[in-house]
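What follows is a set of notes on a single structure, which appears directly below.
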Amino acid sequence: MTDTQPLRVGMAGYAFMGAAHSHAWRTAPRFFDLPLQPQLTAVAGRNADGVRAAAGKLGWESAETDWRRLIERDDIDLVDICTPGDTHAEIAVAALEAGKHVLCEKPLANSVDEAERMTAAAEAAAKRGVFAMCGFSYRRTPALALAKRMVEEGRLGTIRHVRAHYLQDWLSDENAPMTWRLDKGKSGSGSLGDIGAHIIDTAQWLTGQKIAGVSALLETFVPERPLAGNLVGLGGQGDAGAEAPRGAVTVDDAAIFSARFDGGAASAGAVGVFEATRYALGRKNAMRLELNGTKGSLAFDFEDMNVLSFYEAADSPDAGFRRILVTEPEHPYVGHWWPTGHGLGYEHGFTHQVVDLVNALAQRRQPEPTFADALQVQRVLAAVESSAAHSSQWQAV
Ligand code: SOE
């Protein structure tokens with residue numbers, strides 16, 4: 001450990017994302033030379049026993065039962081928001097106005113209005129050297145960071161097609177119990193905002209183009225689900241059984257939409273097809289992206305996350321797609337970990353997110369994605385919902 005200046009972190013929430021972020025705060029300084037030393041100062045959660053247990057298990061120095069304590073305490077420099085979307089705006093705006101940096105999980109908010117307020121607070125705070133970032137961590141998956149590098153180098157030429165699917169299956173069983181992710185008041189939307197937000201952000205980031213309009217449909221296959229006692233994680237605690245009382249699902253189970261991109265710096269905008277679902281039986285976390293350009297194509301599947309497939313028109317006709325194993329020291333982030341071929345996992349994207357955030361803060365530079373980037377994603381989510389509510393009519397973003 002070096003004696004660099006501390007970055008004292010207060011985290012709100014301690015479930016799946018809280019565990020992933022805690023791992024990242026603990027691990028980043030052990031594999032990367034950081035200009036600031038993250039300290040896990042406090043974790044906040046409403047349940048006193050639960051948050052104290054989480055502090056011990058996840059390595060936090062203290063526990064608070066109210067997120068407002070993270071704002072009040074003068075020994076916290078950054079608030080990390082790992083709670084459901086209905087609390088993001090209140091916590092982020094309060095933290096920024098109190099002069100604390102913010103890392104906020106995706107999606108940024110549960111509405112465009114909230115996202116706009118958060119972005120305004122972030123832009124005002126940035127003028128005071130206080131910065132905010134949204135946690136679209138897939139940008140820090142080495143294979144996707146390599147894809148971004150290749151697109152920027154022009155290896156694909158002009159992007160014509162974006163094909164983006166995020167396939168999970170944890171709701172395929174109609175008796176899988178209710179969870180906060182199925183309650184619009186808590187989560188804002190279902191598959192659309194939870195996993196659709198990832199493919200929207202990643203597609204816009206990779207192409208350098210923004211989605212300008214969509215035509216969409218949303219589907220809720222199972223309108224009611226068993227209420228179970230201990231609702232945590234993705235699908236609650238096991239199958240509550242068909243006889244349990246059932247509650248209304250108020251969000252989408254699946255989102256499907258076509259999109260037109262604005263072209264960014266390129267001449268003509270790309271066109272895209274997007275799908276996000278929790279019913280793709282057998283697909284566990286298959287975030288799949290394919291870009292087709294005039295000079296090449298790239299393909300990625302998170303279920304094979306150390307590989308990037310690349311097709312180059314200049315290759316010989318029988319070359320086909322190359323399978324790039326993204327584990328070489330010259331690949332993004334990889335050289336800090338294991339020897340070539342050993343591979344990285346889901347959690348490494350969160351650690352790389354901390355590394356890039358800490359480096360930006362030390363250089364007093366705006367980290368990315370910004371809240372404005374995340375607001376653009378929120379606008380696409382809203383356009384999808386609007387189109388789906390009006391017979392899939394074309395909806396400008
Ligand atoms: C559930 O769909 C989930 O945990 C998302 O909420 C995360 O953002 C994604 O990284 C994995 O799947």
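By order in the structure tokens, chains are A, B, ...; within a chain, residues start at 1; ligands start at 1, following the order shown.
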Per residue of chain A within 9 Å of ligand 1, what are the shortest atom pair and its distance in Å to one decimal, counting only C-alpha atoms and all ligand atoms, with rows by chain and residue number, as a Markdown table?
```
| residue | atom | partner | partner_atom_place_in_ligand_line | distance |
| --- | --- | --- | --- | --- |
| A:Phe16 | CA | ligand 1 | 4 (O) | 7.0 |
| A:Met17 | CA | ligand 1 | 4 (O) | 7.4 |
| A:Glu105 | CA | ligand 1 | 8 (O) | 8.0 |
| A:Lys106 | CA | ligand 1 | 8 (O) | 6.7 |
| A:Pro107 | CA | ligand 1 | 8 (O) | 8.2 |
| A:Gly135 | CA | ligand 1 | 8 (O) | 8.8 |
| A:Phe136 | CA | ligand 1 | 8 (O) | 7.9 |
| A:Ser137 | CA | ligand 1 | 10 (O) | 7.6 |
| A:Tyr138 | CA | ligand 1 | 10 (O) | 7.6 |
| A:Gln168 | CA | ligand 1 | 2 (O) | 7.2 |
| A:Trp170 | CA | ligand 1 | 2 (O) | 8.6 |
| A:Arg181 | CA | ligand 1 | 1 (C) | 8.5 |
| A:Gly190 | CA | ligand 1 | 2 (O) | 8.9 |
| A:Ser191 | CA | ligand 1 | 2 (O) | 7.2 |
| A:Gly193 | CA | ligand 1 | 6 (O) | 8.7 |
| A:Asp194 | CA | ligand 1 | 6 (O) | 5.0 |
| A:Ile195 | CA | ligand 1 | 2 (O) | 5.5 |
| A:Ala197 | CA | ligand 1 | 8 (O) | 8.4 |
| A:His198 | CA | ligand 1 | 8 (O) | 7.1 |
| A:Gly233 | CA | ligand 1 | 4 (O) | 8.1 |
| A:Leu234 | CA | ligand 1 | 1 (C) | 6.0 |
| A:Arg278 | CA | ligand 1 | 2 (O) | 7.7 |
| A:Asn285 | CA | ligand 1 | 12 (O) | 6.8 |
| A:Tyr346 | CA | ligand 1 | 10 (O) | 8.0 |
```
At a cut-off of 10 Å, using only C-alpha atoms, what residues contact Thr87 (chain A)? Leave out same-chain residues fewer than 6 positions from it and give the result as a PDB file with C-alpha atoms, in the first residue's frame.
```pdb
ATOM      1  CA  ALA A  12     -25.736   3.180  -0.159  1.00  0.00           C
ATOM      2  CA  TRP A  67     -28.130   7.160   3.569  1.00  0.00           C
ATOM      3  CA  ILE A  81     -25.234   4.584  -5.022  1.00  0.00           C
ATOM      4  CA  ALA A 109     -32.958   7.123 -12.669  1.00  0.00           C
ATOM      5  CA  ASN A 110     -36.557   5.943 -13.001  1.00  0.00           C
ATOM      6  CA  LYS A 186     -38.941   0.789  -7.326  1.00  0.00           C
ATOM      7  CA  SER A 187     -37.250  -0.143 -10.594  1.00  0.00           C
TER       8      SER A 187
END
```
Exercise. Using the chain letters and numbers from this document, which residues of region 54-125 of chain A does DSSP assign to helix (DSSP H, G or I), as a PyMOL selection string?
Worked result: chain A and resi 54-58+68-72+85-97+112-125
For this session: Write out as a ChimeraX atom specification the residues lying within 12 Å of Gly335 (chain A), counting only C-alpha atoms and excluding same-chain residues fewer than 6 positions away.
Result: /A:31-32,142,326-329,341-344
For this session: Write out as a list in words the residues lying within 9 Å of Phe300 (chain A), counting only C-alpha atoms and excluding same-chain residues fewer than 2 positions away.
Result: Ala143, Leu144, Ala147, Met287, Arg288, Leu289, Glu290, Leu298, Phe302, Glu303, Asp304, Met305, Val307, Leu308 and Ser309 of chain A
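Interatomic distance, CA of His165 (chain A) against CA of Glu275 (chain A): 4.6 Å.
The spacing separating CA of Thr179 (chain A) from CA of Ala94 (chain A) amounts to 27.2 Å.
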For this session: May I have the residues within 7 Å of Glu224 (chain A) as a PyMOL selection string, using only C-alpha atoms and disregarding those fewer than 4 positions away in the same chain?
Result: chain A and resi 246-249
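Excluding Ala145 (chain A) itself and any same-chain residue fewer than 6 positions from it, the protein and nucleic acid residues within 10 Å of it, counting only C-alpha atoms, are Tyr138, Arg139, Val151, Trp205, Leu206, Val326, His331, Pro332 and Tyr333 of chain A.
Closest approach to Gln204 (chain A) among A:Ala374, A:Val354, A:Ala383, A:Val93: A:Ala374, based on only C-alpha atoms.
With distances restricted to only C-alpha atoms, A:Ala132 is the closest residue to Thr370 (chain A) from A:Ala95, A:Ala124, A:Ala132, A:Val334.
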